[in-house]
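Q: What follows is a single structure, and I will ask about it in a moment.
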Amino acid sequence: MSNDFVSQLTEKAEDIYPEALRLLEGLIAIPSVAAQHREIPTAVSYIRETIDQWGGQTVVLDDLPGNPVVYGYFPAGPGGNAQRTLLFYNHYDVQPEEPLEEWESAPFELTERDGKLIGRGVGDNKGDIAARLAAVRIMQSLPGGLPCNVKFMLEGEEEIGSPNLAPYVDKYKDLFAADACIWEFGYKDESERLGLVAGLKGLLYVELNCQNADHDQHSLTSGYIDNPIFRLTHALASLKDEQGHVRIEGFYEDVQPPTEEELQAVLNLPFDEEKIKQLYGLRLPLLTERSGKDPRIVTAFDPLLTVCGIHGGYTGEGAKTLVPREASAKLEVRLVAGQDPKKVVHLLRAHLERHGFGEIQVTVINDKQRGYRSDFSDPFVKLVKSTAEEVYKDGVTITPSHPGCGPIYDLGNVLQLPIVSTGIGWIGSKYHAPNECVRIDDFKQGIVHIALLLSRFGQLTQD
């Protein structure tokens with residue numbers, strides 16, 4: 001295929017854009033917020049009707065706990081390769097729209113402004129659903145039809161940690177069987193390079209609670225009544241040193257080390273420390289400046305532990321002299337391939353007990369997501385990168401592991417297939433924030449890339 005074919009696909013993307021936009025408008029209009037149990041059936045019905053209208057087949061899987069999973073299927077055309085199947089993983093649920101006062105337009109009304117499409121879920125993840133369906137539509141319209149079989153897995157609980165997806169994948173693994181998978185997201189960086197991802201980290205989220213009394217005490221007792229805030233902060237300080245190394249005994253023992261190819265790929269990624277400091281207005285040195293580690297390697301291959309929030313005592317206006325009755329903290333661990341979140345919970349509890357903090361209660365909020373890395377040498381990984389390079393002329397990067405989290409292990413481990421993530425976002429997309437957006441040109445470019453990938457994937461030979 002030549003540049004002429006990419007140009008043809010670009011023209012087709014322009015032609016189909018109005019239809020894709022109508023689809024996206026309908027998706028954005030549905031406030032399918034899983035955390036608040038809103039409009040999930042409406043979203044499921046809309047997606048099912050759209051796929052059916054666009055020539056696909058659907059099955060709504062709702063016989064297990066959790067929100068339904070929608071299965072979509074488009075068979076290869078008469079000139080396509082019916083022996084090849086590409087699976088798309090996406091989610092139809094979105095984050096809550098709060099804070100409402102920071103939105104410049106109605107969050108559940110797709111708005112076009114300054115070359116951008118704005119609305120809750122447009123970047124994460126409904127815009128990618130529309131772009132991928134539009135790409136399928138384009139390939140169906142070309143001579144020979146769809147170059148391969150296409151399947152969609154569309155779930156409704158990603159934004160709350162996909163707690164019920166694994167049983168669906170396991171029960172319906174034959175239905176979702178494929179040769180490779182395109183994951184949900186992707187975005188351009190500050191230099192307009194498209195970032196591809198071949199793996200994600202897992203997530204463990206817990207709350208630590210230290211309670212010392214039935215009620216707050218006057219601070220004149222602080223000479224003999226222990227302060228749970230100090231107890232908790234001392235416990236937190238025992239978990240991680242000033243260089244960022246996690247001190248929990250056994251924490252690193254199951255970490256899957258990178259291959260030489262994976263390591264080299266990460267070392268080829270750009271990272272500008274000064275730009276990062278300016279972007280976020282950082283006042284403190286980077287942790288990696290103190291540790292001497294490469295931030296790219298830490299981000300890709302090291303498990304990460306951080307405190308997301310801490311609460312206790314009086315934080316209102318003025319002074320209130322007391323010893324608080326309790327203190328709590330939210331703790332997050334981003335796990336890498338090889339680590340089991342349930343084992344890490346056990347190690348955390350054992351660490352607290354060993355170091356004299358046995359009274360601190362550990363409550364698990366999320367221990368369902370494990371980290372996963374695809375085989376970086378798989379031909380599919382190279383195919384996604386090479387097709388992206390034909391479409392995205394400002395550059396393409398690829399990492400074996402992104403620090404973001406998702407239920408990628410549930411698919412990769414059960415379905416045994418390579419997974420690469422690419423999408424239509426950019427560094428300013430404001431995922432999970434007010435005024436979430438994608439740029440129209442990026443949306444169209446994403447359609448072209450998926451269409452080109454489908455064409456080439458149908459030709460890819462299996463070893």
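Simple scheme: letters A, B, ... for chains in structure tokens order, numbers from 1 for residues in each chain, numbers from 1 for ligands in the order shown.
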Within 12 Å of segment 269-276 of chain A, which residues of segment 306-420 of chain A show up? Give each one with its shortest atom-to-atom distance in Å (one decimal) and the two atoms involved, counting only C-alpha atoms, rows by chain then rising residue number, as CSV.
A:
```
residue,atom,partner,partner_atom,distance
A:Gly395,CA,A:Pro270,CA,11.4
A:Val396,CA,A:Leu269,CA,9.8
A:Thr397,CA,A:Leu269,CA,6.6
A:Ile398,CA,A:Leu269,CA,7.6
A:Thr399,CA,A:Leu269,CA,7.6
A:Pro400,CA,A:Leu269,CA,10.8
A:Ser401,CA,A:Leu269,CA,11.8
A:His402,CA,A:Leu269,CA,11.8
```
Q: When DSSP is applied to the backbone of this structure, which of segment 217-396 of chain A are assigned alpha helix (DSSP H)? Write them out as a ChimeraX atom specification.
A: /A:228-237,260-267,273-280,287-291,295-301,341-354,379-391
Q: Residues as selected, C-alpha atoms, written as an mmCIF file, in the first residue's frame, can you do that?
A:
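So result-v2.cif came out as:
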```
data_model
loop_
_atom_site.group_PDB
_atom_site.id
_atom_site.type_symbol
_atom_site.label_atom_id
_atom_site.label_comp_id
_atom_site.auth_asym_id
_atom_site.auth_seq_id
_atom_site.Cartn_x
_atom_site.Cartn_y
_atom_site.Cartn_z
ATOM 1 C CA PRO A 228 -3.591 8.839 65.770
ATOM 2 C CA ILE A 229 -2.423 11.324 63.124
ATOM 3 C CA PHE A 230 1.173 10.899 64.291
ATOM 4 C CA ARG A 231 0.713 7.136 64.486
ATOM 5 C CA LEU A 232 -0.644 7.030 60.966
ATOM 6 C CA THR A 233 2.008 9.328 59.490
ATOM 7 C CA HIS A 234 4.769 7.335 61.193
ATOM 8 C CA ALA A 235 3.275 4.175 59.669
ATOM 9 C CA LEU A 236 3.095 5.810 56.233
ATOM 10 C CA ALA A 237 6.692 6.974 56.538
ATOM 11 C CA GLU A 260 16.302 -5.967 26.550
ATOM 12 C CA GLU A 261 13.916 -4.941 23.751
ATOM 13 C CA GLU A 262 11.428 -3.482 26.233
ATOM 14 C CA LEU A 263 14.156 -1.666 28.112
ATOM 15 C CA GLN A 264 15.571 -0.146 24.939
ATOM 16 C CA ALA A 265 12.111 0.970 23.819
ATOM 17 C CA VAL A 266 11.611 2.856 27.082
ATOM 18 C CA LEU A 267 15.062 4.438 26.873
ATOM 19 C CA GLU A 273 12.518 17.055 33.246
ATOM 20 C CA GLU A 274 12.400 20.845 32.982
ATOM 21 C CA LYS A 275 9.234 20.774 30.860
ATOM 22 C CA ILE A 276 7.602 18.478 33.387
ATOM 23 C CA LYS A 277 8.472 20.850 36.222
ATOM 24 C CA GLN A 278 7.102 23.818 34.297
ATOM 25 C CA LEU A 279 3.976 21.975 33.161
ATOM 26 C CA TYR A 280 2.929 21.140 36.737
ATOM 27 C CA LEU A 287 12.032 11.788 43.185
ATOM 28 C CA THR A 288 14.296 10.407 40.500
ATOM 29 C CA GLU A 289 16.706 13.308 40.992
ATOM 30 C CA ARG A 290 17.212 12.095 44.539
ATOM 31 C CA SER A 291 17.342 8.402 43.676
ATOM 32 C CA PRO A 295 12.186 8.398 35.341
ATOM 33 C CA ARG A 296 11.235 6.566 32.147
ATOM 34 C CA ILE A 297 12.285 3.204 33.615
ATOM 35 C CA VAL A 298 10.583 3.920 36.928
ATOM 36 C CA THR A 299 7.365 4.903 35.157
ATOM 37 C CA ALA A 300 7.301 1.815 32.947
ATOM 38 C CA PHE A 301 8.726 -0.988 35.072
ATOM 39 C CA PRO A 341 -2.645 -7.252 44.437
ATOM 40 C CA LYS A 342 -4.047 -9.627 47.060
ATOM 41 C CA LYS A 343 -0.536 -10.748 47.982
ATOM 42 C CA VAL A 344 0.584 -7.124 48.276
ATOM 43 C CA VAL A 345 -2.280 -6.477 50.729
ATOM 44 C CA HIS A 346 -0.979 -9.388 52.820
ATOM 45 C CA LEU A 347 2.570 -7.978 52.668
ATOM 46 C CA LEU A 348 1.300 -4.525 53.686
ATOM 47 C CA ARG A 349 -0.538 -5.876 56.723
ATOM 48 C CA ALA A 350 2.489 -7.956 57.717
ATOM 49 C CA HIS A 351 4.747 -4.903 57.382
ATOM 50 C CA LEU A 352 2.529 -2.791 59.646
ATOM 51 C CA GLU A 353 2.396 -5.569 62.220
ATOM 52 C CA ARG A 354 6.156 -6.136 62.060
ATOM 53 C CA PRO A 379 4.357 -8.864 14.865
ATOM 54 C CA PHE A 380 1.096 -7.165 15.833
ATOM 55 C CA VAL A 381 2.934 -4.696 18.072
ATOM 56 C CA LYS A 382 5.190 -3.778 15.166
ATOM 57 C CA LEU A 383 2.200 -3.550 12.794
ATOM 58 C CA VAL A 384 0.360 -1.026 14.961
ATOM 59 C CA LYS A 385 3.500 1.084 15.177
ATOM 60 C CA SER A 386 4.282 0.946 11.451
ATOM 61 C CA THR A 387 0.729 1.842 10.405
ATOM 62 C CA ALA A 388 0.684 4.705 12.912
ATOM 63 C CA GLU A 389 3.922 6.039 11.436
ATOM 64 C CA GLU A 390 2.267 6.181 8.008
ATOM 65 C CA VAL A 391 -0.588 8.303 9.356
#
```
Q: Show me, as an NGL selection string, the residues that have an atom within 7 Å of Cys148 of chain A when counting only C-alpha atoms, minus same-chain residues fewer than 5 positions from it.
A: :A and (75-76 or 80-82 or 84-85 or 454 or 458)
Q: Considering only C-alpha atoms, can you say which of A:Asp189, A:Asp114, A:Glu157, A:Glu207 comes closest to Pro65 of chain A?
A: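 Using only C-alpha atoms, the shortest distance to Pro65 of chain A belongs to A:Glu157.
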Q: With only C-alpha atoms as the atoms that count, which of A:Pro68, A:Gly145, A:Pro324, A:Gly316 lies nearest to His218 of chain A?
A: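 Using only C-alpha atoms, His218 of chain A sits closest to A:Pro324.
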Q: Find the residue from A:Gln339, A:Gln445, A:Asn435, A:Ser377 that sits nearest to Val255 of chain A; use only C-alpha atoms when measuring.
A: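 Among the listed residues, the smallest separation from Val255 of chain A belongs to A:Gln339.
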Q: If we count only C-alpha atoms, what is near segment 28-36 of chain A at a cut-off of 9 Å, once residues fewer than 2 positions away on the same chain are taken out, given as an NGL selection string?
A: :A and (23-26 or 38-43 or 46 or 67 or 92-97 or 107-110 or 119-122 or 126-127 or 156-160)
Q: Please identify all polymer residues within 8 Å of segment 55-61 of chain A, counting only C-alpha atoms, omitting same-chain residues fewer than 4 positions from it, and present them as a compact mmCIF listing (two decimals) with N, CA and C atoms, in the first residue's frame.
A:
```txt
# COMPACT_ATOMS: atom_id res chain seq x y z
N VAL A 44 -26.40 0.97 26.78
CA VAL A 44 -26.34 -0.37 26.19
C VAL A 44 -27.27 -0.46 24.98
N ARG A 48 -26.07 -1.04 21.08
CA ARG A 48 -26.56 -2.22 20.37
C ARG A 48 -27.28 -1.83 19.08
N ILE A 51 -24.68 -0.61 16.35
CA ILE A 51 -23.93 -1.70 15.71
C ILE A 51 -24.83 -2.49 14.77
N PRO A 68 -23.90 -4.67 32.10
CA PRO A 68 -23.77 -5.55 30.94
C PRO A 68 -22.52 -5.28 30.11
N VAL A 69 -22.05 -6.33 29.48
CA VAL A 69 -20.97 -6.25 28.49
C VAL A 69 -21.61 -6.46 27.12
N VAL A 70 -21.33 -5.55 26.19
CA VAL A 70 -21.89 -5.66 24.84
C VAL A 70 -20.86 -6.30 23.93
N TYR A 71 -21.27 -7.36 23.25
CA TYR A 71 -20.44 -8.01 22.25
C TYR A 71 -20.92 -7.56 20.87
N GLY A 72 -20.00 -7.07 20.06
CA GLY A 72 -20.32 -6.69 18.70
C GLY A 72 -19.45 -7.45 17.71
N TYR A 73 -20.02 -7.79 16.57
CA TYR A 73 -19.27 -8.60 15.58
C TYR A 73 -19.58 -8.12 14.17
N PHE A 74 -18.51 -7.91 13.40
CA PHE A 74 -18.61 -7.58 11.98
C PHE A 74 -17.77 -8.62 11.22
N PRO A 75 -18.39 -9.44 10.37
CA PRO A 75 -17.63 -10.46 9.65
C PRO A 75 -16.79 -9.86 8.52
N TYR A 168 -16.85 -12.32 33.12
CA TYR A 168 -17.42 -12.29 31.76
C TYR A 168 -16.40 -12.77 30.74
```
Q: Fewer than 3 positions away in the same chain doesn't count, so skip those; otherwise give me all residues within 6 Å of Tyr89 of chain A, counting only C-alpha atoms, as an mmCIF file with N, CA and C atoms, in the first residue's frame.
A:
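Dumped to around-v2.cif:
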```
data_model
loop_
_atom_site.group_PDB
_atom_site.id
_atom_site.type_symbol
_atom_site.label_atom_id
_atom_site.label_comp_id
_atom_site.auth_asym_id
_atom_site.auth_seq_id
_atom_site.Cartn_x
_atom_site.Cartn_y
_atom_site.Cartn_z
ATOM 1 N N MET A 153 -15.639 -5.544 22.390
ATOM 2 C CA MET A 153 -16.010 -5.783 23.781
ATOM 3 C C MET A 153 -16.211 -4.415 24.416
ATOM 4 N N TRP A 183 -6.574 -1.735 22.431
ATOM 5 C CA TRP A 183 -7.109 -1.255 23.704
ATOM 6 C C TRP A 183 -7.783 0.087 23.523
ATOM 7 N N GLU A 184 -8.274 0.653 24.594
ATOM 8 C CA GLU A 184 -9.233 1.740 24.538
ATOM 9 C C GLU A 184 -8.685 3.116 24.202
#
```
Q: So that I can check the secondary structure, give me every residue of segment 94-168 of chain A assigned strand (DSSP E or B) by backbone DSSP, as a ChimeraX atom specification.
A: /A:94,111-113,116-118,148-155
Q: Would you export the selected residues with C-alpha atoms as a compact mmCIF listing (two decimals), in the first residue's frame, please?
A:
```
# COMPACT_ATOMS: atom_id res chain seq x y z
CA VAL A 94 -17.87 7.69 32.03
CA THR A 111 -20.16 20.97 21.78
CA GLU A 112 -17.82 22.10 19.00
CA ARG A 113 -15.53 25.02 19.78
CA LYS A 116 -12.45 20.71 19.49
CA LEU A 117 -15.30 18.41 20.46
CA ILE A 118 -16.21 18.89 24.11
CA CYS A 148 -10.86 -9.21 8.59
CA ASN A 149 -13.38 -10.14 11.24
CA VAL A 150 -13.90 -7.42 13.85
CA LYS A 151 -15.17 -7.91 17.38
CA PHE A 152 -16.01 -5.33 20.02
CA MET A 153 -16.01 -5.78 23.78
CA LEU A 154 -17.77 -2.79 25.33
CA GLU A 155 -18.03 -2.86 29.11
```
Q: Interatomic distance between atom CA of Arg132 of chain A and atom CA of Phe88 of chain A?
A: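 Spanning atom CA of Arg132 of chain A to atom CA of Phe88 of chain A is a straight-line distance of 8.2 Å.
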Q: List the spatial neighbours of Ala135 of chain A as JSON, numbers by chain - criterion: any atom at most 12 Å away, only C-alpha atoms, same-chain residues fewer than 3 positions off excluded.
A: {"A": [9, 10, 12, 13, 14, 15, 16, 17, 19, 20, 54, 74, 88, 128, 129, 130, 131, 132, 138, 139, 140, 141, 142, 145, 146, 147, 150, 443, 444, 445, 446, 447, 448, 449, 450, 451, 452, 453, 454, 455]}
Q: For Pro163 of chain A, which residue out of A:Ser374, A:Gly312, A:Phe457, A:Leu203 is the nearest one, using only C-alpha atoms?
A: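 Closest to Pro163 of chain A of all the choices is A:Leu203.
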Q: Report the distance between atom CA of Leu305 of chain A and atom CA of Leu200 of chain A in Å, rounded to one decimal place.
A: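 Taking atom CA of Leu305 of chain A and atom CA of Leu200 of chain A, their separation equals 15.5 Å.
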